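Asker: My structure file target34.txt, compact mmCIF, C-alpha atoms and all ligand atoms, is below:
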```
# COMPACT_ATOMS: atom_id res chain seq x y z
CA MET A 1 11.01 21.24 -1.29
CA THR A 2 9.44 22.76 1.80
CA GLY A 3 5.68 22.43 1.93
CA GLN A 4 5.61 19.59 -0.57
CA GLU A 5 3.11 16.84 0.21
CA ILE A 6 4.38 13.33 0.03
CA GLY A 7 2.75 9.93 0.40
CA GLY A 8 1.59 9.27 3.92
CA THR A 9 -0.52 6.97 5.99
CA ALA A 10 -4.18 6.02 5.93
CA GLY A 11 -4.66 7.79 2.60
CA ARG A 12 -3.50 11.11 4.02
CA ASP A 13 -0.59 13.12 2.69
CA LEU A 14 2.12 14.06 5.13
CA PRO A 15 3.79 17.45 4.79
CA GLU A 16 7.46 16.92 4.07
CA ALA A 17 8.52 18.79 7.20
CA THR A 18 6.37 16.38 9.23
CA VAL A 19 8.04 13.40 7.54
CA GLY A 20 11.44 14.75 8.61
CA ARG A 21 10.27 15.27 12.19
CA LEU A 22 8.60 11.82 12.33
CA ALA A 23 11.99 10.32 11.44
CA GLY A 24 13.43 12.31 14.36
CA TYR A 25 10.73 11.03 16.76
CA LEU A 26 11.46 7.48 15.62
CA ARG A 27 15.16 7.96 16.29
CA ALA A 28 14.36 9.28 19.79
CA LEU A 29 11.88 6.44 20.49
CA THR A 30 14.33 3.74 19.42
CA ALA A 31 17.37 5.21 21.22
CA PRO A 32 18.69 2.66 23.74
CA GLY A 33 17.85 4.77 26.79
CA THR A 34 14.26 5.41 25.69
CA ALA A 35 13.10 2.20 24.04
CA ALA A 36 13.07 0.22 27.30
CA SER A 37 10.90 2.60 29.30
CA GLY A 38 7.48 1.48 27.93
CA VAL A 39 5.65 4.81 27.80
CA ILE A 40 6.72 8.36 27.10
CA SER A 41 4.99 11.70 27.58
CA SER A 42 4.64 14.05 24.64
CA SER A 43 6.74 16.67 26.44
CA THR A 44 9.61 14.22 27.03
CA LEU A 45 9.51 12.98 23.44
CA ALA A 46 9.35 16.56 22.16
CA GLU A 47 12.38 17.48 24.26
CA LEU A 48 14.35 14.45 23.04
CA ALA A 49 13.51 15.31 19.44
CA GLY A 50 14.24 19.02 19.88
CA VAL A 51 10.76 20.32 18.96
CA ASN A 52 7.98 21.91 20.99
CA ALA A 53 5.23 19.68 22.37
CA ALA A 54 2.42 21.36 20.39
CA LEU A 55 4.21 20.68 17.09
CA LEU A 56 4.84 17.06 18.13
CA ARG A 57 1.15 16.54 18.94
CA LYS A 58 0.19 18.08 15.58
CA ASP A 59 2.64 15.79 13.74
CA LEU A 60 1.39 12.70 15.57
CA SER A 61 -2.23 13.63 14.85
CA PHE A 62 -1.45 12.90 11.17
CA LEU A 63 -1.01 9.28 12.27
CA GLY A 64 -4.28 9.36 14.17
CA SER A 65 -2.19 8.78 17.28
CA HIS A 66 -3.26 10.70 20.35
CA GLY A 67 -1.70 8.79 23.22
CA THR A 68 -3.44 8.38 26.59
CA ARG A 69 -4.04 11.52 28.62
CA GLY A 70 -1.90 11.54 31.75
CA VAL A 71 0.03 8.46 30.60
CA GLY A 72 1.53 9.36 27.24
CA TYR A 73 2.43 7.22 24.30
CA ASP A 74 3.21 3.52 24.22
CA ILE A 75 6.79 3.64 22.88
CA ALA A 76 6.79 0.41 20.87
CA GLY A 77 3.32 1.09 19.44
CA LEU A 78 4.15 4.64 18.45
CA ALA A 79 7.45 3.56 16.87
CA ASP A 80 5.52 0.99 14.80
CA GLU A 81 2.95 3.57 13.72
CA ILE A 82 5.71 5.95 12.61
CA ARG A 83 7.52 3.14 10.75
CA ARG A 84 4.29 2.30 8.91
CA ALA A 85 3.66 5.97 8.08
CA LEU A 86 7.19 6.37 6.76
CA GLY A 87 7.09 3.01 5.00
CA THR A 88 10.18 1.91 6.93
CA HIS A 89 8.55 -1.32 8.16
CA LEU A 90 9.47 -2.60 4.69
CA ALA A 91 13.22 -2.49 4.12
CA SER A 92 13.88 -0.22 1.15
CA PRO A 93 16.82 -1.35 -0.98
CA VAL A 94 19.30 1.44 -1.72
CA ALA A 95 21.98 1.69 -4.43
CA LEU A 96 25.18 3.48 -3.53
CA VAL A 97 27.30 4.91 -6.35
CA GLY A 98 30.90 6.01 -5.79
CA ILE A 99 32.68 3.68 -3.40
CA GLY A 100 35.44 6.05 -2.34
CA HIS A 101 36.03 7.57 1.08
CA LEU A 102 32.45 8.64 1.67
CA GLY A 103 30.80 5.72 -0.15
CA ARG A 104 32.79 3.17 1.86
CA ALA A 105 31.87 4.85 5.12
CA LEU A 106 28.18 4.86 4.13
CA ALA A 107 28.32 1.24 2.93
CA ARG A 108 29.79 0.16 6.28
CA TYR A 109 27.35 2.17 8.38
CA ALA A 110 25.31 -0.29 10.39
CA GLY A 111 22.54 2.12 11.34
CA PHE A 112 20.47 2.04 8.14
CA GLY A 113 18.87 -1.35 8.90
CA GLY A 114 17.05 -0.03 11.95
CA ARG A 115 15.66 2.79 9.81
CA GLY A 116 14.11 0.50 7.19
CA LEU A 117 16.92 0.95 4.67
CA GLU A 118 19.22 -1.66 3.22
CA ILE A 119 22.27 -0.86 1.13
CA ALA A 120 21.56 -3.44 -1.58
CA ALA A 121 24.03 -2.64 -4.36
CA LEU A 122 27.33 -0.79 -4.75
CA PHE A 123 28.62 0.76 -7.98
CA ASP A 124 31.80 2.45 -9.12
CA ALA A 125 33.50 3.32 -12.41
CA SER A 126 37.10 2.57 -11.43
CA PRO A 127 38.55 -0.79 -12.50
CA GLU A 128 40.48 -0.76 -9.21
CA VAL A 129 37.29 -0.61 -7.20
CA ILE A 130 34.94 -2.76 -9.32
CA GLY A 131 34.94 -6.34 -8.05
CA THR A 132 36.20 -5.42 -4.57
CA ARG A 133 33.94 -6.03 -1.58
CA VAL A 134 32.65 -3.87 1.23
CA GLY A 135 31.21 -6.15 3.87
CA ASP A 136 28.94 -8.66 2.12
CA LEU A 137 28.54 -6.64 -1.05
CA GLU A 138 30.60 -6.68 -4.20
CA VAL A 139 31.15 -3.41 -6.07
CA HIS A 140 29.54 -3.53 -9.53
CA ASP A 141 30.51 -1.64 -12.63
CA ILE A 142 28.29 1.46 -12.99
CA ALA A 143 27.74 0.24 -16.58
CA ASP A 144 25.59 -2.54 -15.04
CA VAL A 145 23.42 -0.21 -12.97
CA VAL A 146 20.24 -0.89 -14.97
CA PRO A 147 20.13 -4.71 -14.75
CA VAL A 148 21.39 -4.83 -11.14
CA CYS A 149 18.96 -2.20 -9.83
CA ARG A 150 16.03 -3.71 -11.75
CA ASP A 151 16.91 -7.18 -10.46
CA ARG A 152 16.99 -5.94 -6.84
CA ALA A 153 13.95 -3.64 -7.23
CA ILE A 154 16.01 -0.66 -6.11
CA THR A 155 14.21 2.68 -6.13
CA ILE A 156 16.52 4.80 -3.93
CA GLY A 157 20.01 5.87 -5.02
CA VAL A 158 22.83 7.64 -3.20
CA VAL A 159 25.42 9.54 -5.27
CA ALA A 160 28.86 9.79 -3.66
CA THR A 161 30.92 10.43 -6.79
CA PRO A 162 33.18 13.43 -7.48
CA GLU A 163 31.91 16.81 -8.64
CA GLY A 164 31.23 16.79 -12.37
CA THR A 165 29.91 13.22 -12.43
CA ALA A 166 26.71 13.47 -10.39
CA GLN A 167 24.40 14.34 -13.28
CA GLN A 168 25.45 11.38 -15.44
CA VAL A 169 25.31 9.05 -12.43
CA THR A 170 21.86 10.34 -11.49
CA ASP A 171 20.63 9.91 -15.08
CA ALA A 172 21.87 6.32 -15.04
CA LEU A 173 20.12 5.66 -11.71
CA VAL A 174 16.87 7.10 -13.07
CA ARG A 175 17.15 4.88 -16.16
CA ALA A 176 17.57 1.97 -13.75
CA GLY A 177 14.23 2.73 -12.06
CA VAL A 178 15.44 4.84 -9.14
CA ARG A 179 12.77 7.31 -8.03
CA SER A 180 14.56 9.00 -5.12
CA VAL A 181 18.13 10.31 -5.21
CA LEU A 182 20.32 11.61 -2.41
CA ASN A 183 23.24 13.55 -3.84
CA PHE A 184 26.41 14.21 -1.84
CA ALA A 185 28.33 15.76 -4.74
CA PRO A 186 28.61 19.56 -4.60
CA GLU A 187 26.85 20.00 -7.92
CA VAL A 188 23.41 20.97 -9.11
CA VAL A 189 21.61 17.95 -10.50
CA VAL A 190 18.41 18.00 -12.54
CA VAL A 191 15.88 15.16 -12.35
CA PRO A 192 12.52 14.47 -14.03
CA PRO A 193 9.50 15.76 -12.09
CA GLU A 194 8.53 12.31 -10.81
CA VAL A 195 11.94 11.83 -9.14
CA GLN A 196 12.60 13.09 -5.60
CA LEU A 197 16.01 14.69 -5.19
CA ARG A 198 17.69 15.67 -1.95
CA ARG A 199 21.15 17.05 -1.51
CA VAL A 200 23.56 16.87 1.39
CA ASP A 201 26.10 19.67 1.21
CA LEU A 202 28.31 19.35 4.26
CA ALA A 203 30.59 22.20 3.17
CA LEU A 204 27.60 24.52 2.83
CA GLU A 205 26.31 23.59 6.29
CA LEU A 206 29.78 24.19 7.76
CA GLN A 207 30.04 27.51 5.95
CA ILE A 208 26.77 28.61 7.54
CA LEU A 209 28.12 27.65 10.97
CA ALA A 210 31.41 29.44 10.21
CA PHE A 211 29.47 32.55 9.18
CA HIS A 212 27.62 32.61 12.52
CA GLU A 213 30.87 31.90 14.35
CA THR A 214 32.57 34.84 12.61
CA ARG A 215 29.69 37.17 13.42
CA ARG A 216 29.66 36.03 17.03
CA SER A 217 33.38 36.53 17.51
CA SER A 218 33.29 39.95 15.79
CA GLY A 219 30.53 40.97 18.22
CA ALA A 220 28.06 41.72 15.41
CA VAL A 221 25.28 39.74 17.08
CA GLY A 222 23.78 41.27 20.17
CA GLY A 223 22.64 38.95 23.04
N1 LIG B 301 34.60 12.50 1.94
C1 LIG B 301 33.88 13.41 2.55
O1 LIG B 301 33.96 13.65 3.78
C2 LIG B 301 32.87 14.22 1.80
C3 LIG B 301 32.18 15.16 2.50
C4 LIG B 301 31.23 15.90 1.84
C5 LIG B 301 30.99 15.69 0.51
N2 LIG B 301 31.69 14.78 -0.17
C6 LIG B 301 31.40 14.61 -1.59
O2 LIG B 301 31.12 13.24 -1.83
C7 LIG B 301 31.64 12.86 -3.08
C8 LIG B 301 32.59 11.67 -2.88
O3 LIG B 301 33.68 12.08 -2.05
P1 LIG B 301 34.84 11.07 -1.67
O4 LIG B 301 35.73 11.79 -0.75
O5 LIG B 301 34.25 9.78 -1.25
O6 LIG B 301 35.56 10.89 -3.12
P2 LIG B 301 36.51 9.72 -3.57
O7 LIG B 301 37.32 10.29 -4.67
O8 LIG B 301 37.20 9.08 -2.40
O9 LIG B 301 35.50 8.62 -4.14
C9 LIG B 301 34.75 8.84 -5.32
C10 LIG B 301 34.47 7.47 -5.97
O10 LIG B 301 33.59 7.70 -7.07
C11 LIG B 301 34.04 6.87 -8.14
N3 LIG B 301 33.54 7.46 -9.40
C12 LIG B 301 34.04 8.49 -10.11
N4 LIG B 301 33.28 8.73 -11.18
C13 LIG B 301 32.30 7.80 -11.19
C14 LIG B 301 31.20 7.51 -12.05
N5 LIG B 301 30.95 8.25 -13.14
N6 LIG B 301 30.41 6.47 -11.74
C15 LIG B 301 30.62 5.71 -10.64
N7 LIG B 301 31.65 5.94 -9.79
C16 LIG B 301 32.47 6.97 -10.06
C17 LIG B 301 35.56 6.87 -8.02
O11 LIG B 301 36.14 5.76 -8.70
C18 LIG B 301 35.72 6.79 -6.51
O12 LIG B 301 35.79 5.45 -6.06
C19 LIG B 301 32.34 14.06 -3.65
O13 LIG B 301 31.46 14.70 -4.56
C20 LIG B 301 32.62 14.93 -2.46
O14 LIG B 301 32.67 16.30 -2.79
C21 LIG B 301 32.64 14.04 0.42
```
Take the structure in this file and express it as structure tokens.

Answerer:
Amino acid sequence: MTGQEIGGTAGRDLPEATVGRLAGYLRALTAPGTAASGVISSSTLAELAGVNAALLRKDLSFLGSHGTRGVGYDIAGLADEIRRALGTHLASPVALVGIGHLGRALARYAGFGGRGLEIAALFDASPEVIGTRVGDLEVHDIADVVPVCRDRAITIGVVATPEGTAQQVTDALVRAGVRSVLNFAPEVVVVPPEVQLRRVDLALELQILAFHETRRSSGAVGG
């Protein structure tokens, strides 16, 4: 999905890579140690976010935000601008499907609220799980995904069901009006062109790290 343009601010499209980095700047700006300090220089923010300062300035120029020379950026103001650009000033309701080990952990995670996301509905297919509660939310039958998601105006779905089920779960979410899907299942899922799909494959990421680790320990990488 690299290079794709997605909806941005002030009528401008934001490159997807910029959207990802803006989310990183917001996380750095709202971290407890940073948020209280009032202003921040571009070089400090770039360092906190792990990017170079020129790239940070380019990303922030999409917001029309240039800071004050010699002073830097007003932290609260910049955080608000990024939230508006990312649309996270409006809490986006999210449906979570598959309330097992991973789904429960995600449902209990308290950090989504500060990022403009609200887990608004939980779904599972198991009679042992349906009707149970995680925090304030009751787990619904996946068979009810359409009325529940429509009722709560849910447009983002997270799939945390076992391999082999993600396509049918995604199809059901799309029928329910979901336009963005995050899939944790290790399975290729196909969506209509108007639906955004992202995949988190922790095993793949770990395999990549293990590959580099193996090369390093076998001395194949110089320097
Ligand atoms: N647990 C992890 O650390 C982890 C890490 C990386 C990836 N994943 C992936 O995330 C997914 C979930 O993992 P888990 O460990 O939470 O599994 P789990 O077995 O603990 O939970 C899966 C849940 O999905 C429900 N489910 C099954 N089919 C369904 C359907 N058609 N509709 C709705 N719900 C359904 C089950 O009843 C169960 O409650 C898997 O695809 C797994 O590979 C898990």

Asker: Using only C-alpha atoms and all ligand atoms, which residues of chain A come within 6 Å of ligand LIG 301 (chain B), and what is the closest atom pair for each, with the distance in Å to one decimal? Give it as a Markdown table, sorted by chain and residue number.

Answerer:
```
| residue | atom | partner | partner_atom | distance |
| --- | --- | --- | --- | --- |
| A:Val97 | CA | B:LIG301 | C15 | 5.5 |
| A:Gly98 | CA | B:LIG301 | O10 | 3.4 |
| A:Ile99 | CA | B:LIG301 | O12 | 4.5 |
| A:Gly100 | CA | B:LIG301 | O9 | 3.1 |
| A:His101 | CA | B:LIG301 | O5 | 3.7 |
| A:Leu102 | CA | B:LIG301 | O5 | 3.6 |
| A:Gly103 | CA | B:LIG301 | O5 | 5.4 |
| A:Phe123 | CA | B:LIG301 | C15 | 6.0 |
| A:Asp124 | CA | B:LIG301 | N7 | 3.6 |
| A:Ala125 | CA | B:LIG301 | C15 | 4.1 |
| A:Ser126 | CA | B:LIG301 | O11 | 4.3 |
| A:Ile142 | CA | B:LIG301 | C15 | 5.4 |
| A:Ala160 | CA | B:LIG301 | C7 | 4.2 |
| A:Thr161 | CA | B:LIG301 | O10 | 3.8 |
| A:Pro162 | CA | B:LIG301 | O13 | 3.6 |
| A:Glu163 | CA | B:LIG301 | O13 | 4.6 |
| A:Thr165 | CA | B:LIG301 | N5 | 5.1 |
| A:Val169 | CA | B:LIG301 | N5 | 5.7 |
| A:Phe184 | CA | B:LIG301 | O2 | 4.8 |
| A:Ala185 | CA | B:LIG301 | O13 | 3.3 |
| A:Pro186 | CA | B:LIG301 | O14 | 5.5 |
| A:Leu202 | CA | B:LIG301 | C4 | 5.1 |
```

Asker: Set the distance at 12 Å and use all atoms listed in the file: which residues neighbour Thr34 in chain A once local chain neighbours fewer than 3 positions away are removed? I'd like the list as number ranges by chain.

Answerer: A: 25-31, 37-41, 44-45, 48-49, 74-76, 79

Asker: In Å, rounded to a single decimal, give me how far CA of Val195 in chain A is from CA of Leu86 in chain A.

Answerer: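 About the pair CA of Leu86 in chain A and CA of Val195 in chain A: they are 17.5 Å apart.
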
Asker: What does the distance from CA of Val158 in chain A to CA of Ala143 in chain A come to in Å, to one decimal?

Answerer: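 Spanning CA of Val158 in chain A to CA of Ala143 in chain A is a straight-line distance of 16.1 Å.
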
Asker: May I have the residues at most 7 Å from (28.6, 0.8, 1.4) in the file's coordinates, counting all atoms listed in the file, as a list in words?

Answerer: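 Every polymer residue passing the test: Leu96, Ile99, Gly103, Arg104, Ala105, Leu106, Ala107, Arg108, Ile119, Leu122 and Val134 of chain A.
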
Asker: Would you put the residues from that selection into a file with C-alpha atoms, as an mmCIF file, in the coordinates of the input?

Answerer:
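The file below, result36.cif, is the result:
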```
data_model
loop_
_atom_site.group_PDB
_atom_site.id
_atom_site.type_symbol
_atom_site.label_atom_id
_atom_site.label_comp_id
_atom_site.auth_asym_id
_atom_site.auth_seq_id
_atom_site.Cartn_x
_atom_site.Cartn_y
_atom_site.Cartn_z
ATOM 1 C CA LEU A 96 25.180 3.480 -3.530
ATOM 2 C CA ILE A 99 32.680 3.680 -3.400
ATOM 3 C CA GLY A 103 30.800 5.720 -0.150
ATOM 4 C CA ARG A 104 32.790 3.170 1.860
ATOM 5 C CA ALA A 105 31.870 4.850 5.120
ATOM 6 C CA LEU A 106 28.180 4.860 4.130
ATOM 7 C CA ALA A 107 28.320 1.240 2.930
ATOM 8 C CA ARG A 108 29.790 0.160 6.280
ATOM 9 C CA ILE A 119 22.270 -0.860 1.130
ATOM 10 C CA LEU A 122 27.330 -0.790 -4.750
ATOM 11 C CA VAL A 134 32.650 -3.870 1.230
#
```

Asker: Nearest residue to Arg84 in chain A out of A:Leu55, A:Ala17, A:Leu204, A:Ala23, using only C-alpha atoms?

Answerer: A:Ala23

Asker: If you measure from CA of Leu56 in chain A to CA of Ala35 in chain A, what distance in Å do you get, rounded to one decimal?

Answerer: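 Computing it gives 18.0 Å between the two atoms.
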
Asker: Which residue is closest to Ile82 in chain A? Choose from A:Arg115, A:Arg215, A:Arg133, A:Arg152 and count all atoms listed in the file.

Answerer: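 Answer, going by the shortest atom-to-atom distance: A:Arg115.
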
Asker: For the point (25.2, -4.3, 5.4) in file coordinates, what residues are within 10 Å, counting all atoms listed in the file? Give the answer as an NGL selection string?

Answerer: :A and (106-113 or 117-121 or 134-137)

Asker: Let me make sure I understand: among A:Ser43, A:Gly164, A:Ile156, A:Gly87, which one has the smallest atom-to-atom distance to Val189 in chain A if we use all atoms listed in the file?

Answerer: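 That would be A:Gly164, the residue with the smallest distance to Val189 in chain A.
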
Asker: Using the partial input, fill out range 14-38 of chain A with N, CA and C atoms; write the result as a PDB file, in the coordinates of the input.

Answerer:
```pdb
ATOM      1  N   LEU A  14       1.357  13.477   4.033  1.00  0.00           N
ATOM      2  CA  LEU A  14       2.120  14.060   5.130  1.00  0.00           C
ATOM      3  C   LEU A  14       2.943  15.214   4.584  1.00  0.00           C
ATOM      4  N   PRO A  15       2.885  16.380   5.220  1.00  0.00           N
ATOM      5  CA  PRO A  15       3.790  17.450   4.790  1.00  0.00           C
ATOM      6  C   PRO A  15       5.230  16.976   4.947  1.00  0.00           C
ATOM      7  N   GLU A  16       6.095  17.412   4.040  1.00  0.00           N
ATOM      8  CA  GLU A  16       7.460  16.920   4.070  1.00  0.00           C
ATOM      9  C   GLU A  16       8.164  17.247   5.389  1.00  0.00           C
ATOM     10  N   ALA A  17       7.884  18.428   5.935  1.00  0.00           N
ATOM     11  CA  ALA A  17       8.520  18.790   7.200  1.00  0.00           C
ATOM     12  C   ALA A  17       8.108  17.809   8.300  1.00  0.00           C
ATOM     13  N   THR A  18       6.845  17.357   8.246  1.00  0.00           N
ATOM     14  CA  THR A  18       6.370  16.380   9.230  1.00  0.00           C
ATOM     15  C   THR A  18       7.101  15.056   9.056  1.00  0.00           C
ATOM     16  N   VAL A  19       7.315  14.659   7.800  1.00  0.00           N
ATOM     17  CA  VAL A  19       8.040  13.400   7.540  1.00  0.00           C
ATOM     18  C   VAL A  19       9.425  13.461   8.194  1.00  0.00           C
ATOM     19  N   GLY A  20      10.111  14.594   8.021  1.00  0.00           N
ATOM     20  CA  GLY A  20      11.440  14.750   8.610  1.00  0.00           C
ATOM     21  C   GLY A  20      11.386  14.657  10.128  1.00  0.00           C
ATOM     22  N   ARG A  21      10.361  15.308  10.718  1.00  0.00           N
ATOM     23  CA  ARG A  21      10.270  15.270  12.190  1.00  0.00           C
ATOM     24  C   ARG A  21       9.866  13.878  12.676  1.00  0.00           C
ATOM     25  N   LEU A  22       8.982  13.189  11.924  1.00  0.00           N
ATOM     26  CA  LEU A  22       8.600  11.820  12.330  1.00  0.00           C
ATOM     27  C   LEU A  22       9.840  10.927  12.396  1.00  0.00           C
ATOM     28  N   ALA A  23      10.744  11.112  11.413  1.00  0.00           N
ATOM     29  CA  ALA A  23      11.990  10.320  11.440  1.00  0.00           C
ATOM     30  C   ALA A  23      12.777  10.650  12.703  1.00  0.00           C
ATOM     31  N   GLY A  24      12.748  11.902  13.127  1.00  0.00           N
ATOM     32  CA  GLY A  24      13.430  12.310  14.360  1.00  0.00           C
ATOM     33  C   GLY A  24      12.774  11.699  15.592  1.00  0.00           C
ATOM     34  N   TYR A  25      11.429  11.643  15.606  1.00  0.00           N
ATOM     35  CA  TYR A  25      10.730  11.030  16.760  1.00  0.00           C
ATOM     36  C   TYR A  25      11.079   9.548  16.838  1.00  0.00           C
ATOM     37  N   LEU A  26      11.141   8.912  15.639  1.00  0.00           N
ATOM     38  CA  LEU A  26      11.460   7.480  15.620  1.00  0.00           C
ATOM     39  C   LEU A  26      12.862   7.243  16.171  1.00  0.00           C
ATOM     40  N   ARG A  27      13.785   8.112  15.783  1.00  0.00           N
ATOM     41  CA  ARG A  27      15.160   7.960  16.290  1.00  0.00           C
ATOM     42  C   ARG A  27      15.161   8.101  17.818  1.00  0.00           C
ATOM     43  N   ALA A  28      14.400   9.077  18.331  1.00  0.00           N
ATOM     44  CA  ALA A  28      14.360   9.280  19.790  1.00  0.00           C
ATOM     45  C   ALA A  28      13.701   8.080  20.474  1.00  0.00           C
ATOM     46  N   LEU A  29      12.616   7.560  19.865  1.00  0.00           N
ATOM     47  CA  LEU A  29      11.880   6.440  20.490  1.00  0.00           C
ATOM     48  C   LEU A  29      12.708   5.159  20.518  1.00  0.00           C
ATOM     49  N   THR A  30      13.574   4.995  19.510  1.00  0.00           N
ATOM     50  CA  THR A  30      14.330   3.740  19.420  1.00  0.00           C
ATOM     51  C   THR A  30      15.740   3.877  20.000  1.00  0.00           C
ATOM     52  N   ALA A  31      16.052   5.044  20.576  1.00  0.00           N
ATOM     53  CA  ALA A  31      17.370   5.210  21.220  1.00  0.00           C
ATOM     54  C   ALA A  31      17.429   4.261  22.429  1.00  0.00           C
ATOM     55  N   PRO A  32      18.598   3.680  22.696  1.00  0.00           N
ATOM     56  CA  PRO A  32      18.690   2.660  23.740  1.00  0.00           C
ATOM     57  C   PRO A  32      18.099   3.099  25.088  1.00  0.00           C
ATOM     58  N   GLY A  33      18.335   4.318  25.484  1.00  0.00           N
ATOM     59  CA  GLY A  33      17.850   4.770  26.790  1.00  0.00           C
ATOM     60  C   GLY A  33      16.349   4.936  26.861  1.00  0.00           C
ATOM     61  N   THR A  34      15.700   5.117  25.709  1.00  0.00           N
ATOM     62  CA  THR A  34      14.260   5.410  25.690  1.00  0.00           C
ATOM     63  C   THR A  34      13.447   4.150  25.468  1.00  0.00           C
ATOM     64  N   ALA A  35      13.913   3.315  24.525  1.00  0.00           N
ATOM     65  CA  ALA A  35      13.100   2.200  24.040  1.00  0.00           C
ATOM     66  C   ALA A  35      12.607   1.299  25.170  1.00  0.00           C
ATOM     67  N   ALA A  36      13.402   1.170  26.240  1.00  0.00           N
ATOM     68  CA  ALA A  36      13.070   0.220  27.300  1.00  0.00           C
ATOM     69  C   ALA A  36      12.031   0.759  28.281  1.00  0.00           C
ATOM     70  N   SER A  37      11.710   2.063  28.206  1.00  0.00           N
ATOM     71  CA  SER A  37      10.900   2.600  29.300  1.00  0.00           C
ATOM     72  C   SER A  37       9.388   2.427  29.139  1.00  0.00           C
ATOM     73  N   GLY A  38       8.908   1.838  28.031  1.00  0.00           N
ATOM     74  CA  GLY A  38       7.480   1.480  27.930  1.00  0.00           C
ATOM     75  C   GLY A  38       6.603   2.602  27.433  1.00  0.00           C
TER      76      GLY A  38
END
```
